[in-house]
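Source file: start-v1.pdb; contents: PDB, C-alpha atoms, pLDDT in the B column.
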ATOM      1  CA  MET A   1      66.122 107.462 120.648  1.00 60.00           C
ATOM      2  CA  VAL A   2      67.671 110.939 120.216  1.00 84.00           C
ATOM      3  CA  SER A   3      65.304 113.787 119.323  1.00 89.00           C
ATOM      4  CA  LEU A   4      66.472 116.788 117.275  1.00 94.00           C
ATOM      5  CA  GLU A   5      65.074 120.306 117.389  1.00 94.00           C
ATOM      6  CA  PHE A   6      65.041 121.951 113.962  1.00 94.00           C
ATOM      7  CA  GLY A   7      62.993 124.933 112.876  1.00 90.00           C
ATOM      8  CA  GLY A   8      61.180 125.037 116.207  1.00 91.00           C
ATOM      9  CA  LYS A   9      59.959 121.469 115.772  1.00 92.00           C
ATOM     10  CA  ILE A  10      61.085 118.207 117.336  1.00 95.00           C
ATOM     11  CA  ALA A  11      62.182 115.585 114.806  1.00 94.00           C
ATOM     12  CA  GLU A  12      62.373 111.920 115.693  1.00 95.00           C
ATOM     13  CA  PRO A  13      64.962 109.787 113.914  1.00 96.00           C
ATOM     14  CA  SER A  14      65.028 106.630 111.923  1.00 96.00           C
ATOM     15  CA  VAL A  15      67.583 104.552 113.822  1.00 97.00           C
ATOM     16  CA  ARG A  16      70.144 102.212 112.283  1.00 97.00           C
ATOM     17  CA  ARG A  17      71.035  99.384 114.641  1.00 97.00           C
ATOM     18  CA  ILE A  18      73.475  96.512 114.379  1.00 97.00           C
ATOM     19  CA  ASP A  19      70.738  94.123 113.251  1.00 96.00           C
ATOM     20  CA  ASP A  20      70.030  96.447 110.294  1.00 97.00           C
ATOM     21  CA  MET A  21      73.575  96.210 108.989  1.00 96.00           C
ATOM     22  CA  LYS A  22      75.158  93.033 110.325  1.00 96.00           C
ATOM     23  CA  GLU A  23      75.831  91.887 106.733  1.00 97.00           C
ATOM     24  CA  VAL A  24      78.285  94.761 106.149  1.00 98.00           C
ATOM     25  CA  ILE A  25      80.258  94.696 109.434  1.00 98.00           C
ATOM     26  CA  TYR A  26      83.817  93.421 109.059  1.00 98.00           C
ATOM     27  CA  ASP A  27      84.482  92.012 112.530  1.00 98.00           C
ATOM     28  CA  LYS A  28      82.198  88.962 112.663  1.00 96.00           C
ATOM     29  CA  LYS A  29      83.723  87.729 115.909  1.00 96.00           C
ATOM     30  CA  TRP A  30      82.836  91.005 117.658  1.00 97.00           C
ATOM     31  CA  LEU A  31      79.392  90.916 116.046  1.00 96.00           C
ATOM     32  CA  LYS A  32      78.460  87.670 117.816  1.00 94.00           C
ATOM     33  CA  SER A  33      78.401  89.325 121.246  1.00 93.00           C
ATOM     34  CA  ALA A  34      77.693  92.955 120.312  1.00 94.00           C
ATOM     35  CA  GLY A  35      73.926  92.984 120.870  1.00 92.00           C
ATOM     36  CA  ASN A  36      71.632  95.262 118.902  1.00 96.00           C
ATOM     37  CA  LEU A  37      73.250  98.631 119.588  1.00 94.00           C
ATOM     38  CA  ASP A  38      72.104 101.932 118.096  1.00 96.00           C
ATOM     39  CA  LEU A  39      74.729 103.006 115.551  1.00 97.00           C
ATOM     40  CA  TYR A  40      73.387 106.199 113.960  1.00 98.00           C
ATOM     41  CA  TYR A  41      70.338 108.440 113.646  1.00 98.00           C
ATOM     42  CA  MET A  42      68.718 109.902 110.515  1.00 97.00           C
ATOM     43  CA  TYR A  43      66.340 112.884 110.538  1.00 97.00           C
ATOM     44  CA  ARG A  44      64.660 113.232 107.165  1.00 97.00           C
ATOM     45  CA  ASP A  45      62.739 115.962 105.334  1.00 97.00           C
ATOM     46  CA  LEU A  46      63.615 118.890 107.574  1.00 98.00           C
ATOM     47  CA  SER A  47      62.937 122.597 107.056  1.00 98.00           C
ATOM     48  CA  LEU A  48      63.284 125.744 109.124  1.00 97.00           C
ATOM     49  CA  SER A  49      59.975 127.288 108.072  1.00 97.00           C
ATOM     50  CA  ARG A  50      56.770 126.577 106.182  1.00 96.00           C
ATOM     51  CA  ARG A  51      57.984 128.751 103.291  1.00 97.00           C
ATOM     52  CA  ASP A  52      61.269 126.823 103.129  1.00 98.00           C
ATOM     53  CA  GLU A  53      59.296 123.589 103.086  1.00 97.00           C
ATOM     54  CA  GLU A  54      57.280 124.788 100.093  1.00 98.00           C
ATOM     55  CA  ILE A  55      60.415 125.830  98.179  1.00 98.00           C
ATOM     56  CA  ILE A  56      62.150 122.538  98.977  1.00 98.00           C
ATOM     57  CA  LYS A  57      59.212 120.491  97.704  1.00 97.00           C
ATOM     58  CA  LYS A  58      58.728 122.695  94.636  1.00 97.00           C
ATOM     59  CA  ASN A  59      62.336 121.985  93.649  1.00 97.00           C
ATOM     60  CA  GLY A  60      62.002 118.255  94.260  1.00 97.00           C
ATOM     61  CA  LEU A  61      64.510 118.221  97.106  1.00 98.00           C
ATOM     62  CA  ARG A  62      64.857 116.892 100.637  1.00 98.00           C
ATOM     63  CA  TYR A  63      67.093 118.070 103.483  1.00 98.00           C
ATOM     64  CA  ASP A  64      68.269 115.542 106.069  1.00 98.00           C
ATOM     65  CA  ILE A  65      70.580 115.426 109.078  1.00 98.00           C
ATOM     66  CA  THR A  66      72.464 112.312 110.205  1.00 98.00           C
ATOM     67  CA  ILE A  67      74.208 111.859 113.556  1.00 98.00           C
ATOM     68  CA  ILE A  68      76.870 109.149 113.917  1.00 98.00           C
ATOM     69  CA  PRO A  69      78.259 108.812 117.471  1.00 97.00           C
ATOM     70  CA  PRO A  70      81.926 107.823 117.881  1.00 97.00           C
ATOM     71  CA  LEU A  71      82.079 104.029 118.047  1.00 96.00           C
ATOM     72  CA  VAL A  72      84.221 101.146 116.933  1.00 97.00           C
ATOM     73  CA  LEU A  73      82.590  97.987 115.618  1.00 98.00           C
ATOM     74  CA  GLY A  74      85.223  95.647 116.963  1.00 97.00           C
ATOM     75  CA  VAL A  75      88.240  96.557 114.817  1.00 98.00           C
ATOM     76  CA  GLU A  76      86.290  98.759 112.374  1.00 98.00           C
ATOM     77  CA  TYR A  77      85.226 102.380 112.626  1.00 98.00           C
ATOM     78  CA  VAL A  78      81.484 102.989 112.769  1.00 98.00           C
ATOM     79  CA  LYS A  79      79.883 103.626 109.377  1.00 98.00           C
ATOM     80  CA  THR A  80      76.608 103.766 107.479  1.00 98.00           C
ATOM     81  CA  ILE A  81      75.286 100.728 105.614  1.00 98.00           C
ATOM     82  CA  GLY A  82      76.093 102.250 102.234  1.00 97.00           C
ATOM     83  CA  HIS A  83      73.808 102.623  99.240  1.00 97.00           C
ATOM     84  CA  TYR A  84      73.391 103.491  95.570  1.00 97.00           C
ATOM     85  CA  HIS A  85      70.858 105.819  93.946  1.00 97.00           C
ATOM     86  CA  PRO A  86      68.453 104.866  91.143  1.00 96.00           C
ATOM     87  CA  GLN A  87      68.635 106.376  87.667  1.00 95.00           C
ATOM     88  CA  VAL A  88      67.000 109.660  86.772  1.00 95.00           C
ATOM     89  CA  PRO A  89      64.071 108.673  84.489  1.00 91.00           C
ATOM     90  CA  GLU A  90      65.107 110.949  81.605  1.00 86.00           C
ATOM     91  CA  ALA A  91      68.855 110.266  81.891  1.00 89.00           C
ATOM     92  CA  LYS A  92      71.313 107.376  81.855  1.00 90.00           C
ATOM     93  CA  LEU A  93      72.793 108.554  85.145  1.00 95.00           C
ATOM     94  CA  SER A  94      71.794 108.080  88.766  1.00 96.00           C
ATOM     95  CA  TYR A  95      70.656 110.808  91.114  1.00 97.00           C
ATOM     96  CA  VAL A  96      73.286 112.824  92.969  1.00 97.00           C
ATOM     97  CA  GLU A  97      73.660 113.767  96.631  1.00 98.00           C
ATOM     98  CA  VAL A  98      75.649 116.431  98.470  1.00 98.00           C
ATOM     99  CA  TYR A  99      76.785 116.355 102.110  1.00 98.00           C
ATOM    100  CA  GLU A 100      78.065 118.936 104.552  1.00 98.00           C
ATOM    101  CA  VAL A 101      79.944 118.122 107.744  1.00 98.00           C
ATOM    102  CA  LEU A 102      78.318 120.164 110.520  1.00 98.00           C
ATOM    103  CA  ASN A 103      80.468 118.770 113.351  1.00 98.00           C
ATOM    104  CA  GLY A 104      83.223 116.206 113.613  1.00 98.00           C
ATOM    105  CA  GLU A 105      85.070 114.463 110.804  1.00 98.00           C
ATOM    106  CA  ALA A 106      83.859 112.203 107.995  1.00 98.00           C
ATOM    107  CA  HIS A 107      85.356 109.823 105.471  1.00 98.00           C
ATOM    108  CA  TYR A 108      83.164 109.346 102.398  1.00 98.00           C
ATOM    109  CA  LEU A 109      83.969 106.126 100.552  1.00 98.00           C
ATOM    110  CA  LEU A 110      82.706 106.245  96.958  1.00 98.00           C
ATOM    111  CA  GLN A 111      82.716 103.333  94.525  1.00 98.00           C
ATOM    112  CA  LYS A 112      81.641 102.751  90.942  1.00 97.00           C
ATOM    113  CA  CYS A 113      80.959  99.148  89.947  1.00 93.00           C
ATOM    114  CA  GLN A 114      80.294  97.279  86.730  1.00 85.00           C
ATOM    115  CA  ASN A 115      78.920  93.830  87.374  1.00 77.00           C
ATOM    116  CA  ASP A 116      81.324  92.209  89.873  1.00 77.00           C
ATOM    117  CA  TYR A 117      84.159  94.648  89.204  1.00 89.00           C
ATOM    118  CA  VAL A 118      84.888  97.899  91.008  1.00 95.00           C
ATOM    119  CA  ARG A 119      85.886 100.428  88.340  1.00 95.00           C
ATOM    120  CA  ASP A 120      86.844 103.185  90.759  1.00 97.00           C
ATOM    121  CA  VAL A 121      86.994 103.671  94.521  1.00 97.00           C
ATOM    122  CA  VAL A 122      87.640 107.016  96.167  1.00 97.00           C
ATOM    123  CA  LEU A 123      87.963 108.289  99.735  1.00 98.00           C
ATOM    124  CA  ILE A 124      87.107 111.924 100.456  1.00 98.00           C
ATOM    125  CA  LYS A 125      88.136 113.221 103.866  1.00 98.00           C
ATOM    126  CA  ALA A 126      86.000 116.077 105.167  1.00 98.00           C
ATOM    127  CA  GLU A 127      85.920 118.175 108.322  1.00 98.00           C
ATOM    128  CA  ARG A 128      83.533 120.739 109.716  1.00 98.00           C
ATOM    129  CA  GLY A 129      82.284 123.103 107.009  1.00 98.00           C
ATOM    130  CA  ASP A 130      83.345 120.907 104.083  1.00 98.00           C
ATOM    131  CA  LYS A 131      80.953 119.863 101.314  1.00 98.00           C
ATOM    132  CA  VAL A 132      81.118 116.533  99.457  1.00 98.00           C
ATOM    133  CA  ILE A 133      79.247 115.781  96.220  1.00 98.00           C
ATOM    134  CA  ILE A 134      78.434 112.126  95.504  1.00 98.00           C
ATOM    135  CA  PRO A 135      78.593 111.951  91.678  1.00 98.00           C
ATOM    136  CA  PRO A 136      76.271 109.904  89.453  1.00 97.00           C
ATOM    137  CA  ASP A 137      76.563 106.105  89.498  1.00 97.00           C
ATOM    138  CA  TYR A 138      78.708 105.960  92.651  1.00 98.00           C
ATOM    139  CA  GLY A 139      77.635 104.028  95.716  1.00 97.00           C
ATOM    140  CA  HIS A 140      78.818 105.482  98.995  1.00 98.00           C
ATOM    141  CA  VAL A 141      79.438 104.788 102.661  1.00 98.00           C
ATOM    142  CA  THR A 142      80.071 107.364 105.388  1.00 98.00           C
ATOM    143  CA  ILE A 143      82.610 106.549 108.121  1.00 98.00           C
ATOM    144  CA  ASN A 144      83.192 108.325 111.423  1.00 98.00           C
ATOM    145  CA  PRO A 145      86.939 107.801 111.997  1.00 98.00           C
ATOM    146  CA  SER A 146      87.259 110.037 115.063  1.00 97.00           C
ATOM    147  CA  ASN A 147      86.459 110.093 118.757  1.00 96.00           C
ATOM    148  CA  LYS A 148      83.887 112.866 118.220  1.00 97.00           C
ATOM    149  CA  GLU A 149      80.249 112.800 117.173  1.00 97.00           C
ATOM    150  CA  LEU A 150      79.812 113.222 113.419  1.00 98.00           C
ATOM    151  CA  ARG A 151      76.881 115.407 112.479  1.00 98.00           C
ATOM    152  CA  MET A 152      76.238 115.919 108.789  1.00 98.00           C
ATOM    153  CA  CYS A 153      73.448 117.159 106.558  1.00 98.00           C
ATOM    154  CA  ASN A 154      72.571 116.399 102.968  1.00 98.00           C
ATOM    155  CA  TRP A 155      70.512 117.656 100.059  1.00 98.00           C
ATOM    156  CA  ILE A 156      69.039 114.997  97.805  1.00 98.00           C
ATOM    157  CA  ALA A 157      66.183 114.531  95.333  1.00 96.00           C
ATOM    158  CA  ARG A 158      63.067 113.628  97.308  1.00 95.00           C
ATOM    159  CA  ASN A 159      61.239 111.214  95.015  1.00 88.00           C
ATOM    160  CA  PHE A 160      63.261 108.009  95.181  1.00 87.00           C
ATOM    161  CA  SER A 161      64.420 105.323  97.578  1.00 91.00           C
ATOM    162  CA  SER A 162      68.089 104.449  98.123  1.00 94.00           C
ATOM    163  CA  ILE A 163      69.311 101.019  97.003  1.00 94.00           C
ATOM    164  CA  TYR A 164      71.055  99.072  99.790  1.00 96.00           C
ATOM    165  CA  GLU A 165      71.017  95.512  98.472  1.00 95.00           C
ATOM    166  CA  PRO A 166      74.153  95.515  96.253  1.00 94.00           C
ATOM    167  CA  ILE A 167      76.410  96.564  99.135  1.00 96.00           C
ATOM    168  CA  LYS A 168      74.739  94.189 101.579  1.00 96.00           C
ATOM    169  CA  GLU A 169      75.122  91.320  99.110  1.00 95.00           C
ATOM    170  CA  LYS A 170      78.876  91.966  98.933  1.00 95.00           C
ATOM    171  CA  GLY A 171      79.226  92.152 102.713  1.00 97.00           C
ATOM    172  CA  GLY A 172      80.117  95.835 102.610  1.00 97.00           C
ATOM    173  CA  ALA A 173      81.794  98.362 100.345  1.00 97.00           C
ATOM    174  CA  ALA A 174      85.005  97.706  98.410  1.00 97.00           C
ATOM    175  CA  TYR A 175      87.109  98.712 101.427  1.00 98.00           C
ATOM    176  CA  PHE A 176      86.675  98.504 105.181  1.00 98.00           C
ATOM    177  CA  GLU A 177      88.284 101.201 107.316  1.00 98.00           C
ATOM    178  CA  LEU A 178      89.740  99.492 110.369  1.00 98.00           C
ATOM    179  CA  VAL A 179      91.457 101.286 113.240  1.00 97.00           C
ATOM    180  CA  THR A 180      94.718  99.969 111.728  1.00 97.00           C
ATOM    181  CA  GLY A 181      93.995 101.111 108.160  1.00 97.00           C
ATOM    182  CA  PHE A 182      92.086 100.122 105.023  1.00 98.00           C
ATOM    183  CA  VAL A 183      91.397  96.519 104.006  1.00 97.00           C
ATOM    184  CA  LYS A 184      90.004  95.370 100.644  1.00 97.00           C
ATOM    185  CA  ASN A 185      86.711  93.489 100.594  1.00 96.00           C
ATOM    186  CA  GLU A 186      87.542  90.136  98.988  1.00 94.00           C
ATOM    187  CA  ASN A 187      83.914  89.549  97.993  1.00 94.00           C
ATOM    188  CA  TYR A 188      84.433  91.786  94.959  1.00 93.00           C
ATOM    189  CA  GLY A 189      85.999  90.360  91.800  1.00 84.00           C
ATOM    190  CA  ASN A 190      88.368  93.268  91.393  1.00 87.00           C
ATOM    191  CA  VAL A 191      89.215  96.182  93.678  1.00 94.00           C
ATOM    192  CA  PRO A 192      91.552  98.941  92.436  1.00 95.00           C
ATOM    193  CA  GLU A 193      93.800 100.899  94.755  1.00 97.00           C
ATOM    194  CA  LEU A 194      92.032 103.526  96.822  1.00 97.00           C
ATOM    195  CA  ARG A 195      92.244 107.088  95.495  1.00 97.00           C
ATOM    196  CA  PHE A 196      92.229 109.985  97.959  1.00 97.00           C
ATOM    197  CA  LEU A 197      90.530 113.254  96.968  1.00 97.00           C
ATOM    198  CA  GLY A 198      89.647 116.490  98.725  1.00 96.00           C
ATOM    199  CA  PRO A 199      86.193 117.882  99.566  1.00 97.00           C
ATOM    200  CA  THR A 200      84.108 119.603  96.910  1.00 97.00           C
ATOM    201  CA  ASN A 201      83.748 123.162  98.163  1.00 97.00           C
ATOM    202  CA  PHE A 202      82.752 124.403  94.694  1.00 97.00           C
ATOM    203  CA  SER A 203      81.518 127.983  94.669  1.00 96.00           C
ATOM    204  CA  GLU A 204      79.954 127.696  91.190  1.00 95.00           C
ATOM    205  CA  VAL A 205      77.148 125.634  92.744  1.00 97.00           C
ATOM    206  CA  GLY A 206      77.076 127.597  95.996  1.00 97.00           C
ATOM    207  CA  LEU A 207      79.153 125.135  98.041  1.00 98.00           C
ATOM    208  CA  ARG A 208      81.551 127.207 100.102  1.00 97.00           C
ATOM    209  CA  LYS A 209      83.649 126.096 103.043  1.00 96.00           C
ATOM    210  CA  ASN A 210      82.037 127.097 106.355  1.00 90.00           C
ATOM    211  CA  LYS A 211      78.885 128.508 104.722  1.00 96.00           C
ATOM    212  CA  GLU A 212      75.994 126.216 105.633  1.00 97.00           C
ATOM    213  CA  MET A 213      74.393 124.884 102.471  1.00 98.00           C
ATOM    214  CA  TYR A 214      70.871 124.897 103.923  1.00 98.00           C
ATOM    215  CA  GLY A 215      70.782 128.579 102.966  1.00 97.00           C
ATOM    216  CA  LEU A 216      70.951 127.738  99.247  1.00 98.00           C
ATOM    217  CA  ILE A 217      67.233 127.042  99.291  1.00 97.00           C
ATOM    218  CA  ARG A 218      66.669 130.696 100.183  1.00 97.00           C
ATOM    219  CA  GLU A 219      69.557 132.166  98.193  1.00 96.00           C
ATOM    220  CA  ASP A 220      68.988 130.370  94.875  1.00 97.00           C
ATOM    221  CA  PRO A 221      67.487 126.853  94.748  1.00 97.00           C
ATOM    222  CA  THR A 222      68.613 126.413  91.129  1.00 97.00           C
ATOM    223  CA  LEU A 223      72.177 126.058  92.441  1.00 98.00           C
ATOM    224  CA  LEU A 224      71.100 122.585  93.606  1.00 98.00           C
ATOM    225  CA  GLU A 225      69.758 121.551  90.206  1.00 97.00           C
ATOM    226  CA  PHE A 226      72.749 119.232  89.704  1.00 98.00           C
ATOM    227  CA  LEU A 227      71.048 116.885  92.189  1.00 97.00           C
ATOM    228  CA  THR A 228      67.990 116.310  90.015  1.00 95.00           C
ATOM    229  CA  LYS A 229      69.438 116.930  86.509  1.00 95.00           C
ATOM    230  CA  PRO A 230      72.904 115.351  86.618  1.00 96.00           C
ATOM    231  CA  GLN A 231      72.928 114.966  82.817  1.00 96.00           C
ATOM    232  CA  ASP A 232      73.521 118.736  82.562  1.00 96.00           C
ATOM    233  CA  TYR A 233      76.526 118.859  84.903  1.00 96.00           C
ATOM    234  CA  GLY A 234      79.128 116.499  83.477  1.00 95.00           C
ATOM    235  CA  ARG A 235      82.006 118.957  83.909  1.00 96.00           C
ATOM    236  CA  LEU A 236      81.126 119.420  87.572  1.00 97.00           C
ATOM    237  CA  PHE A 237      81.347 115.685  88.261  1.00 97.00           C
ATOM    238  CA  GLU A 238      84.627 115.414  86.358  1.00 96.00           C
ATOM    239  CA  ARG A 239      85.982 117.986  88.757  1.00 95.00           C
ATOM    240  CA  VAL A 240      84.635 116.037  91.773  1.00 96.00           C
ATOM    241  CA  LEU A 241      86.503 112.935  90.606  1.00 95.00           C
ATOM    242  CA  GLY A 242      89.742 114.739  89.813  1.00 88.00           C
ATOM    243  CA  ASP A 243      89.379 114.123  86.075  1.00 60.00           C
ATOM    244  CA  GLU A 244      89.567 117.780  85.074  1.00 49.00           C
TER     245      GLU A 244
END
Written form, structure tokens:
Amino acid sequence: MVSLEFGGKIAEPSVRRIDDMKEVIYDKKWLKSAGNLDLYYMYRDLSLSRRDEEIIKKNGLRYDITIIPPLVLGVEYVKTIGHYHPQVPEAKLSYVEVYEVLNGEAHYLLQKCQNDYVRDVVLIKAERGDKVIIPPDYGHVTINPSNKELRMCNWIARNFSSIYEPIKEKGGAAYFELVTGFVKNENYGNVPELRFLGPTNFSEVGLRKNKEMYGLIREDPTLLEFLTKPQDYGRLFERVLGDE
């Protein structure tokens, strides 16, 4: 258990262990003798002050930090389980999330599925200071492909639970990142070629390289409205996906 000091308070993590995600690990032979190791740590609903906490809740948001130590799961780089977001009640789109790499390096694997078919799969490589928006209707997995600790934060709408089952049922995301490269997950009916895109350091929503996005809650919380009202930000998400 790794405690985190934030805003003068000690936060205790939710811990993801091998037993929590054995369905999505590629190297089943390694898994048999791996034990129930800690893989990563999630610190949810953080704030630096009581006033910040009030503003965060008023805007329907939540700020989290995740720490992923450098590990290999047999022949695969350590990763998160992967999840989707539910739909916004008044829209035909799912909620959105935005990440910032605080330390280390991250690969964000994004996928959009329709029934058994993967319509699109994207990898966004990000380093310290980079921001990455997860657009509506995309599931996502975070991978630590380096020999350094990955520390990242995220802003997300606070009033929903992530959906893990679809990725677990398929034994993982559409691709696995092994130490030797990417391998398609054959449990999906169709997997297109992986597209590679850059991070989303978009100043129009306050996301600037090397400027910590926690400060947006003090600067102008409405800059994060795309997280809770994705139906109003279609052009932004086109830009995320390289469609503009």
Problem - Contacts of A:Glu165 within 12 Å, only C-alpha atoms, excl. fewer than 6 positions in-chain, as a PyMOL selection string - result: chain A and resi 20-21+23-24+81-85+139+171-173
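Considering all atoms listed in the file, the residue among A:Glu100, A:Asp38, A:Glu5, A:Glu54 positioned nearest to A:Met213 is A:Glu100.
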Excluding A:Thr200 and residues on its chain fewer than 5 positions from it, collect all residues at most 7 Å away from it, counting all atoms listed in the file, and give them as a compact mmCIF listing (two decimals) with C-alpha atoms, keeping the file's coordinate frame.
# COMPACT_ATOMS: atom_id res chain seq x y z
CA LYS A 131 80.95 119.86 101.31
CA VAL A 132 81.12 116.53 99.46
CA ILE A 133 79.25 115.78 96.22
CA VAL A 240 84.64 116.04 91.77
Return as a CSV table (one decimal) with C-alpha atoms, in the frame of the given file the set of residues that the PyMOL selection byres ((chain A and resi 30-34) around 12) yields on the displayed structure.
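Just written: part-v8.csv:
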chain,number,residue,atom,x,y,z
A,17,ARG,CA,71.0,99.4,114.6
A,18,ILE,CA,73.5,96.5,114.4
A,19,ASP,CA,70.7,94.1,113.3
A,21,MET,CA,73.6,96.2,109.0
A,22,LYS,CA,75.2,93.0,110.3
A,23,GLU,CA,75.8,91.9,106.7
A,24,VAL,CA,78.3,94.8,106.1
A,25,ILE,CA,80.3,94.7,109.4
A,26,TYR,CA,83.8,93.4,109.1
A,27,ASP,CA,84.5,92.0,112.5
A,28,LYS,CA,82.2,89.0,112.7
A,29,LYS,CA,83.7,87.7,115.9
A,35,GLY,CA,73.9,93.0,120.9
A,36,ASN,CA,71.6,95.3,118.9
A,37,LEU,CA,73.2,98.6,119.6
A,38,ASP,CA,72.1,101.9,118.1
A,39,LEU,CA,74.7,103.0,115.6
A,72,VAL,CA,84.2,101.1,116.9
A,73,LEU,CA,82.6,98.0,115.6
A,74,GLY,CA,85.2,95.6,117.0
A,75,VAL,CA,88.2,96.6,114.8
A,76,GLU,CA,86.3,98.8,112.4
Exercise for the section: Would you kindly translate the PyMOL selection byres ((chain A and resi 217-230) around 6) into the concrete residues it picks from this file, as a PyMOL selection string? Expected result: chain A and resi 96+157+205+215-216+231-233
Problem - Nearest residue to A:Gly8 from the set A:Arg208, A:Ile55, A:Arg50, A:Met42 (distances using all atoms listed in the file) - result: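 Smallest separation from A:Gly8 among the options: A:Arg50.
Picture a line from atom CA of A:Tyr175 to atom CA of A:Gln111; it runs 9.4 Å.
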Expand the PyMOL selection byres ((chain A and resi 106) around 6) into the individual residues it matches in the shown file, reporting them as a PDB file with C-alpha atoms, keeping the file's coordinate frame.
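Here's the written file part.pdb:
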ATOM      1  CA  GLU A 105      85.070 114.463 110.804  1.00 98.00           C
ATOM      2  CA  HIS A 107      85.356 109.823 105.471  1.00 98.00           C
ATOM      3  CA  ALA A 126      86.000 116.077 105.167  1.00 98.00           C
ATOM      4  CA  ILE A 143      82.610 106.549 108.121  1.00 98.00           C
ATOM      5  CA  ASN A 144      83.192 108.325 111.423  1.00 98.00           C
TER       6      ASN A 144
END
Exercise for the section: In the coordinates of the file, take the point (85.0, 88.8, 96.9) and a cut-off of 10 Å; then, counting only C-alpha atoms, name each qualifying protein, DNA or RNA residue as a list in words. Expected result: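 It turns out the residues near that spot are Asp116, Tyr117, Lys170, Gly171, Ala174, Lys184, Asn185, Glu186, Asn187, Tyr188, Gly189, Asn190 and Val191 of chain A.
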Practice task
Measure the distance from atom CA of A:Phe176 to atom CA of A:Tyr63 in Å and round it to one decimal.
Solution key: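 Rounded to one decimal, the two atoms are 27.7 Å apart.
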Exercise for the section: Could you jot down the atom CA of A:Leu48 to atom CA of A:Arg16 separation for me, Å, one decimal place? Expected result: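 Atom CA of A:Leu48 sits 24.7 Å away from atom CA of A:Arg16.
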Handout entry: For A:Val101: contacts at 10 Å, all atoms listed in the file, fewer than 3 positions along chain excluded, given as a VMD selection string
Key = chain A and resid 65 to 66 104 to 106 126 to 132 150 to 154 209 to 210 212
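Proximity ranking of A:Phe160, A:Tyr108, A:Phe202, A:Tyr77 relative to A:Leu178 places A:Tyr77 first, based on all atoms listed in the file.
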Exercise for the section: Go through A:Ala11, A:Leu109, A:Leu236, A:Leu241 and flag the residue nearest A:Phe182, using only C-alpha atoms for the distances. Expected result: A:Leu109
Handout entry: Distance query A:Arg195 at most 7 Å, all atoms listed in the file, self and fewer than 6 positions along chain excluded, as a list in words
Key = Val121, Val122 and Leu123 of chain A
Practice task
Considering only C-alpha atoms, state which residue in the set A:Ile167, A:Leu93, A:Val179, A:Pro199 is at the smallest distance from A:Lys125.
Solution key: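 Residue with the minimum atom-to-atom distance to A:Lys125: A:Pro199.
Every protein, DNA or RNA residue with an atom at most 10 Å from A:Lys57, where all atoms listed in the file count and chain neighbours fewer than 6 positions away do not, is listed here: Asp45, Ala157, Arg158 and Asn159 of chain A.
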Output stretch 26-37 of chain A as a CSV table (one decimal), in the frame of the given file, making sure N, CA and C atoms are there.
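Saved as rebuild-v9.csv:
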chain,number,residue,atom,x,y,z
A,26,TYR,N,82.6,94.2,109.3
A,26,TYR,CA,83.8,93.4,109.1
A,26,TYR,C,84.1,92.4,110.2
A,27,ASP,N,84.0,92.8,111.4
A,27,ASP,CA,84.5,92.0,112.5
A,27,ASP,C,83.4,91.1,113.0
A,28,LYS,N,83.3,89.9,112.4
A,28,LYS,CA,82.2,89.0,112.7
A,28,LYS,C,82.3,88.4,114.1
A,29,LYS,N,83.5,88.2,114.6
A,29,LYS,CA,83.7,87.7,115.9
A,29,LYS,C,83.1,88.7,116.9
A,30,TRP,N,83.4,90.0,116.8
A,30,TRP,CA,82.8,91.0,117.7
A,30,TRP,C,81.3,91.0,117.5
A,31,LEU,N,80.8,90.8,116.3
A,31,LEU,CA,79.4,90.9,116.0
A,31,LEU,C,78.6,89.9,116.9
A,32,LYS,N,79.2,88.7,117.1
A,32,LYS,CA,78.5,87.7,117.8
A,32,LYS,C,78.0,88.1,119.2
A,33,SER,N,78.7,88.9,119.9
A,33,SER,CA,78.4,89.3,121.2
A,33,SER,C,78.1,90.8,121.4
A,34,ALA,N,77.9,91.5,120.3
A,34,ALA,CA,77.7,93.0,120.3
A,34,ALA,C,76.3,93.4,120.8
A,35,GLY,N,75.3,92.5,120.6
A,35,GLY,CA,73.9,93.0,120.9
A,35,GLY,C,73.4,93.9,119.7
A,36,ASN,N,72.3,94.5,120.0
A,36,ASN,CA,71.6,95.3,118.9
A,36,ASN,C,71.8,96.8,119.2
A,37,LEU,N,73.0,97.2,119.2
A,37,LEU,CA,73.2,98.6,119.6
A,37,LEU,C,72.7,99.6,118.5
